[in-house]
There are 2 protein chains.
Amino acid sequence: MAMGRPREFDVDTALDLALQVFWRKGYEGASIADLTETMGITKPSLYSAFGNKEELFRKALDRYVDGPGGYFQVALAKPTIRAVVEHLLYESADAVTGPDHPPGCLAVQGALTCGDAAESIKQELVSRRAKSEQDLRQRFERAIAEGELPEGSDAADLAAYLSAILQGMAVQAAGGTTREQVRKIAEMALRTWPPPPSLATV
Amino acid sequence: MAMGRPREFDVDTALDLALQVFWRKGYEGASIADLTETMGITKPSLYSAFGNKEELFRKALDRYVDGPGGYFQVALAKPTIRAVVEHLLYESADAVTGPDHPPGCLAVQGALTCGDAAESIKQELVSRRAKSEQDLRQRFERAIAEGELPEGSDAADLAAYLSAILQGMAVQAAGGTTREQVRKIAEMALRTWPPPPSLATV
DNA sequence: TCACTTATCTAACGATCGGTAGGAAATTGG
DNA sequence: CCAATTTCCTACCGATCGTTAGATAAGTGA
């Protein structure tokens, strides 16, 4: 097995480096030249190993979700809904302001807007965010069924509300807001948690 | 006065059309070809009237702030802090989901990330968002001085928190979330308003 | 009518975009 | 040692990027 000339770089390491570039500059803002320079490989090596720019981004995104973004799934597995929300807010505050990687969240700033050519990437990120919100919603539904949330709480609304706060924290971080300040946002959100159900819907 | 050949297009109308393009595609995603096509003018006309892409964006941004984004300053002028926050949340929910323009907020999605060439545009947007948050903070300071908010409330923290929610709503809208759903986020935020001050800081 | 000014257009500029031929280099299996 | 396979690199592809030169058209003031 393993015929042919052996690859001189580690694919996963290169992918992590590509992730850093996409994270900092977004899908469109990251040029192939940026990527190859940071990854330490040539263009043909990049295309041979990863297909093209779009595939490279998708692979980097998968790696992001399983790595720096992994706290999300960890949070969902917490036993109580209070722990889920606490974990989500605090870990997110730290994640979007981590000192060892670009600020913000790749799923938010990877392609919030873009030109026509990147439309499918934008849609991919929209879907991923929607999927996360959906997972959160299901967790809230379980919590409601288990009586952990006030009578009349709407799982979908709670998920949208919390998602918006997390995304807002990501925007703040992307703009350079410090970890301490973002943590305060998380604390304030937690201080008012859970929002009581609307009187009109009862 | 008015020497030379008269301009065949209206500058403000063209600027509004350019704004639509930047709003939908972001600064980098909007190409000069996109802009001229939508504006109905040729490239030399664009450069002659607006300088270059960066200046065009800045002028479109000014127009955005005074037009579709004008609700922000209107909200700050409301007499009570409750009215300020209500106006901010509800008008923002409607603004980022307006049917007559692209979804989301230009100040958020214009250049949340970008390549090196657009770095100064990104910074401009960061500054504008910071300025809005600062204005909001000052309004909260006044409200605290006037006894409208709980003892121990921190104006800067409240401003960061509310800004994050507004930006989160903009991200949701940019991803295609409906007006009704974004309004629910605004309602939930309002339901828990104002967040009580931290016990630790008292 | 004639200079002057400004806007219009076509056509092009160099630079960069994402993406690839095509051949040399390095490994494996025979 | 030789064929097969795979990766490596240099150089290049056509398309598009933002931007502009240069000629022409349409107005004003004298």
# chains A, B, ... in the order shown; residues from 1 in each chain; ligands from 1
call {"tool": "interface_residues", "arguments": {"of": "chain C", "to": "chain A", "cutoff": "7 Å", "atoms": "only C-alpha atoms (C1' of nucleotides)", "output": "PyMOL selection string"}}
result
chain C and resi 26-28
call {"tool": "select_by_dssp", "arguments": {"residues": "segment 58-137 of chain A", "states": "alpha helix (DSSP H)", "output": "ChimeraX atom specification"}}
result
/A:58-66,71-76,81-95,106-109,119-137
call {"tool": "interface_residues", "arguments": {"of": "chain D", "to": "chain A", "cutoff": "9 Å", "atoms": "only C-alpha atoms (C1' of nucleotides)", "output": "mmCIF file with N, CA and C atoms (P, O5', C5', C4', C3', O3' and C1' of nucleotides), in the first residue's frame"}}
result
data_model
loop_
_atom_site.group_PDB
_atom_site.id
_atom_site.type_symbol
_atom_site.label_atom_id
_atom_site.label_comp_id
_atom_site.auth_asym_id
_atom_site.auth_seq_id
_atom_site.Cartn_x
_atom_site.Cartn_y
_atom_site.Cartn_z
ATOM 1 P P DA D 4 4.293 0.588 -16.584
ATOM 2 O "O5'" DA D 4 3.676 0.979 -15.167
ATOM 3 C "C5'" DA D 4 3.547 -0.022 -14.174
ATOM 4 C "C4'" DA D 4 3.119 0.624 -12.866
ATOM 5 C "C3'" DA D 4 2.109 1.764 -13.042
ATOM 6 O "O3'" DA D 4 1.027 1.554 -12.147
ATOM 7 C "C1'" DA D 4 3.950 2.470 -11.716
ATOM 8 P P DT D 5 -0.265 2.542 -12.235
ATOM 9 O "O5'" DT D 5 -0.015 3.499 -10.985
ATOM 10 C "C5'" DT D 5 0.282 2.926 -9.715
ATOM 11 C "C4'" DT D 5 0.670 4.011 -8.732
ATOM 12 C "C3'" DT D 5 -0.219 5.249 -8.774
ATOM 13 O "O3'" DT D 5 -0.708 5.501 -7.474
ATOM 14 C "C1'" DT D 5 2.074 5.854 -8.772
ATOM 15 P P DT D 6 -2.049 6.378 -7.276
ATOM 16 O "O5'" DT D 6 -1.482 7.676 -6.537
ATOM 17 C "C5'" DT D 6 -0.724 7.526 -5.350
ATOM 18 C "C4'" DT D 6 0.220 8.711 -5.171
ATOM 19 C "C3'" DT D 6 -0.452 10.080 -5.319
ATOM 20 O "O3'" DT D 6 -0.510 10.706 -4.058
ATOM 21 C "C1'" DT D 6 1.697 9.987 -6.345
ATOM 22 P P DT D 7 -1.110 12.173 -3.893
ATOM 23 O "O5'" DT D 7 0.250 13.036 -3.741
ATOM 24 C "C5'" DT D 7 1.241 12.646 -2.803
ATOM 25 C "C4'" DT D 7 2.463 13.557 -2.940
ATOM 26 C "C3'" DT D 7 2.144 15.048 -2.857
ATOM 27 O "O3'" DT D 7 3.109 15.692 -2.034
ATOM 28 C "C1'" DT D 7 3.300 14.595 -4.855
ATOM 29 P P DC D 8 2.985 17.231 -1.656
ATOM 30 O "O5'" DC D 8 4.063 17.887 -2.633
ATOM 31 C "C5'" DC D 8 5.455 17.651 -2.387
ATOM 32 C "C4'" DC D 8 6.271 18.209 -3.542
ATOM 33 C "C3'" DC D 8 6.004 19.674 -3.835
ATOM 34 O "O3'" DC D 8 6.940 20.478 -3.137
ATOM 35 C "C1'" DC D 8 6.096 18.368 -5.849
ATOM 36 P P DC D 9 6.613 22.052 -3.039
ATOM 37 O "O5'" DC D 9 7.060 22.649 -4.451
ATOM 38 C "C5'" DC D 9 8.395 22.482 -4.915
ATOM 39 C "C4'" DC D 9 8.475 22.913 -6.370
ATOM 40 C "C3'" DC D 9 8.056 24.359 -6.601
ATOM 41 O "O3'" DC D 9 9.165 25.089 -7.099
ATOM 42 C "C1'" DC D 9 6.982 22.879 -8.155
#
call {"tool": "interface_residues", "arguments": {"of": "chain B", "to": "chain A", "cutoff": "7 Å", "atoms": "only C-alpha atoms", "output": "PDB file with N, CA and C atoms, in the first residue's frame"}}
result
ATOM      1  N   ARG B  24     -26.986  44.110   0.389  1.00  0.00           N
ATOM      2  CA  ARG B  24     -27.255  42.710   0.094  1.00  0.00           C
ATOM      3  C   ARG B  24     -25.983  41.875   0.007  1.00  0.00           C
ATOM      4  N   LYS B  25     -24.924  42.420  -0.582  1.00  0.00           N
ATOM      5  CA  LYS B  25     -23.731  41.629  -0.857  1.00  0.00           C
ATOM      6  C   LYS B  25     -22.537  41.958   0.014  1.00  0.00           C
ATOM      7  N   GLY B  26     -22.621  43.040   0.787  1.00  0.00           N
ATOM      8  CA  GLY B  26     -21.459  43.447   1.564  1.00  0.00           C
ATOM      9  C   GLY B  26     -20.481  44.224   0.715  1.00  0.00           C
ATOM     10  N   GLY B  29     -18.325  41.755  -1.466  1.00  0.00           N
ATOM     11  CA  GLY B  29     -19.149  40.970  -2.385  1.00  0.00           C
ATOM     12  C   GLY B  29     -19.769  41.781  -3.501  1.00  0.00           C
ATOM     13  N   ALA B  30     -19.846  43.093  -3.293  1.00  0.00           N
ATOM     14  CA  ALA B  30     -20.409  43.973  -4.324  1.00  0.00           C
ATOM     15  C   ALA B  30     -19.295  44.395  -5.271  1.00  0.00           C
ATOM     16  N   GLN B 109     -23.343  43.614   8.539  1.00  0.00           N
ATOM     17  CA  GLN B 109     -22.964  42.672   7.484  1.00  0.00           C
ATOM     18  C   GLN B 109     -22.176  43.313   6.337  1.00  0.00           C
ATOM     19  N   LEU B 112     -18.148  42.285   8.137  1.00  0.00           N
ATOM     20  CA  LEU B 112     -17.850  41.707   9.456  1.00  0.00           C
ATOM     21  C   LEU B 112     -16.457  41.082   9.425  1.00  0.00           C
ATOM     22  N   THR B 113     -16.132  40.479   8.287  1.00  0.00           N
ATOM     23  CA  THR B 113     -14.757  40.050   8.003  1.00  0.00           C
ATOM     24  C   THR B 113     -14.454  40.462   6.573  1.00  0.00           C
ATOM     25  N   CYS B 114     -13.182  40.458   6.209  1.00  0.00           N
ATOM     26  CA  CYS B 114     -12.796  40.894   4.862  1.00  0.00           C
ATOM     27  C   CYS B 114     -11.335  40.607   4.608  1.00  0.00           C
ATOM     28  N   GLY B 115     -10.930  40.793   3.372  1.00  0.00           N
ATOM     29  CA  GLY B 115      -9.523  40.696   3.005  1.00  0.00           C
ATOM     30  C   GLY B 115      -8.783  41.957   3.417  1.00  0.00           C
ATOM     31  N   VAL B 126     -16.785  48.974  12.471  1.00  0.00           N
ATOM     32  CA  VAL B 126     -16.560  48.721  13.900  1.00  0.00           C
ATOM     33  C   VAL B 126     -16.742  50.014  14.680  1.00  0.00           C
ATOM     34  N   ASP B 157     -22.625  48.264  30.587  1.00  0.00           N
ATOM     35  CA  ASP B 157     -23.030  46.866  30.447  1.00  0.00           C
ATOM     36  C   ASP B 157     -24.397  46.756  29.778  1.00  0.00           C
ATOM     37  N   ALA B 160     -23.962  47.377  26.070  1.00  0.00           N
ATOM     38  CA  ALA B 160     -23.341  46.243  25.382  1.00  0.00           C
ATOM     39  C   ALA B 160     -24.348  45.103  25.219  1.00  0.00           C
ATOM     40  N   TYR B 161     -25.126  44.890  26.255  1.00  0.00           N
ATOM     41  CA  TYR B 161     -26.115  43.813  26.235  1.00  0.00           C
ATOM     42  C   TYR B 161     -27.189  44.074  25.186  1.00  0.00           C
ATOM     43  N   ALA B 164     -25.827  43.818  21.671  1.00  0.00           N
ATOM     44  CA  ALA B 164     -25.645  42.436  21.253  1.00  0.00           C
ATOM     45  C   ALA B 164     -26.968  41.834  20.778  1.00  0.00           C
ATOM     46  N   ILE B 165     -28.033  42.125  21.485  1.00  0.00           N
ATOM     47  CA  ILE B 165     -29.336  41.592  21.075  1.00  0.00           C
ATOM     48  C   ILE B 165     -29.738  42.156  19.712  1.00  0.00           C
ATOM     49  N   GLN B 167     -27.777  43.279  17.377  1.00  0.00           N
ATOM     50  CA  GLN B 167     -26.907  42.699  16.348  1.00  0.00           C
ATOM     51  C   GLN B 167     -27.273  41.245  16.085  1.00  0.00           C
ATOM     52  N   GLY B 168     -27.649  40.541  17.126  1.00  0.00           N
ATOM     53  CA  GLY B 168     -28.094  39.166  16.940  1.00  0.00           C
ATOM     54  C   GLY B 168     -29.349  39.097  16.080  1.00  0.00           C
ATOM     55  N   MET B 169     -30.254  40.031  16.304  1.00  0.00           N
ATOM     56  CA  MET B 169     -31.455  40.082  15.466  1.00  0.00           C
ATOM     57  C   MET B 169     -31.074  40.350  14.012  1.00  0.00           C
ATOM     58  N   VAL B 171     -28.281  39.448  12.537  1.00  0.00           N
ATOM     59  CA  VAL B 171     -27.711  38.210  11.986  1.00  0.00           C
ATOM     60  C   VAL B 171     -28.833  37.251  11.612  1.00  0.00           C
ATOM     61  N   GLN B 172     -29.798  37.125  12.502  1.00  0.00           N
ATOM     62  CA  GLN B 172     -30.930  36.245  12.219  1.00  0.00           C
ATOM     63  C   GLN B 172     -31.632  36.683  10.930  1.00  0.00           C
ATOM     64  N   ALA B 174     -30.485  38.490   8.476  1.00  0.00           N
ATOM     65  CA  ALA B 174     -29.620  38.296   7.306  1.00  0.00           C
ATOM     66  C   ALA B 174     -29.689  36.853   6.815  1.00  0.00           C
ATOM     67  N   GLY B 175     -29.971  35.937   7.733  1.00  0.00           N
ATOM     68  CA  GLY B 175     -30.074  34.532   7.374  1.00  0.00           C
ATOM     69  C   GLY B 175     -31.446  34.136   6.884  1.00  0.00           C
ATOM     70  N   LYS B 184     -40.509  38.374  17.712  1.00  0.00           N
ATOM     71  CA  LYS B 184     -40.629  37.606  18.952  1.00  0.00           C
ATOM     72  C   LYS B 184     -39.364  37.720  19.796  1.00  0.00           C
ATOM     73  N   ILE B 185     -38.230  37.765  19.120  1.00  0.00           N
ATOM     74  CA  ILE B 185     -36.977  37.953  19.858  1.00  0.00           C
ATOM     75  C   ILE B 185     -37.008  39.294  20.585  1.00  0.00           C
ATOM     76  N   MET B 188     -39.268  39.095  23.594  1.00  0.00           N
ATOM     77  CA  MET B 188     -38.701  38.356  24.719  1.00  0.00           C
ATOM     78  C   MET B 188     -37.661  39.186  25.443  1.00  0.00           C
ATOM     79  N   ARG B 191     -39.449  41.587  27.533  1.00  0.00           N
ATOM     80  CA  ARG B 191     -40.145  40.955  28.647  1.00  0.00           C
ATOM     81  C   ARG B 191     -39.253  40.877  29.884  1.00  0.00           C
ATOM     82  N   THR B 192     -37.948  40.785  29.645  1.00  0.00           N
ATOM     83  CA  THR B 192     -37.016  40.649  30.773  1.00  0.00           C
ATOM     84  C   THR B 192     -36.334  41.967  31.093  1.00  0.00           C
ATOM     85  N   PRO B 195     -32.641  44.179  32.880  1.00  0.00           N
ATOM     86  CA  PRO B 195     -31.923  43.153  33.659  1.00  0.00           C
ATOM     87  C   PRO B 195     -31.460  43.766  34.970  1.00  0.00           C
TER      88      PRO B 195
END
call {"tool": "residues_around", "arguments": {"residues": "Thr178 of chain A", "least_positions_apart": "5", "cutoff": "10 Å", "atoms": "only C-alpha atoms (C1' of nucleotides)", "output": "list in words"}}
result
Ala93, Asp94, Val96, Thr97, Gly98, Pro103, Gln172, Ala173 and Arg183 of chain A
call {"tool": "closest_residue", "arguments": {"among": "B:Ile81, B:Leu61, B:Leu46, B:Ala95", "to": "Ile144 of chain B", "atoms": "only C-alpha atoms"}}
result
B:Ile81
call {"tool": "atom_distance", "arguments": {"atom1": "atom C1' of DC12 of chain D", "atom2": "atom CA of Leu17 of chain A"}}
result
26.9 Å
call {"tool": "atom_distance", "arguments": {"atom1": "atom CA of Asp12 of chain A", "atom2": "atom CA of Arg58 of chain A"}}
result
13.5 Å
call {"tool": "atom_distance", "arguments": {"atom1": "atom CA of Glu91 of chain A", "atom2": "atom CA of Gln73 of chain A"}}
result
11.3 Å
call {"tool": "closest_residue", "arguments": {"among": "C:DA15, C:DT10, C:DT20, C:DA25", "to": "DG22 of chain D", "atoms": "only C-alpha atoms (C1' of nucleotides)"}}
result
C:DT10
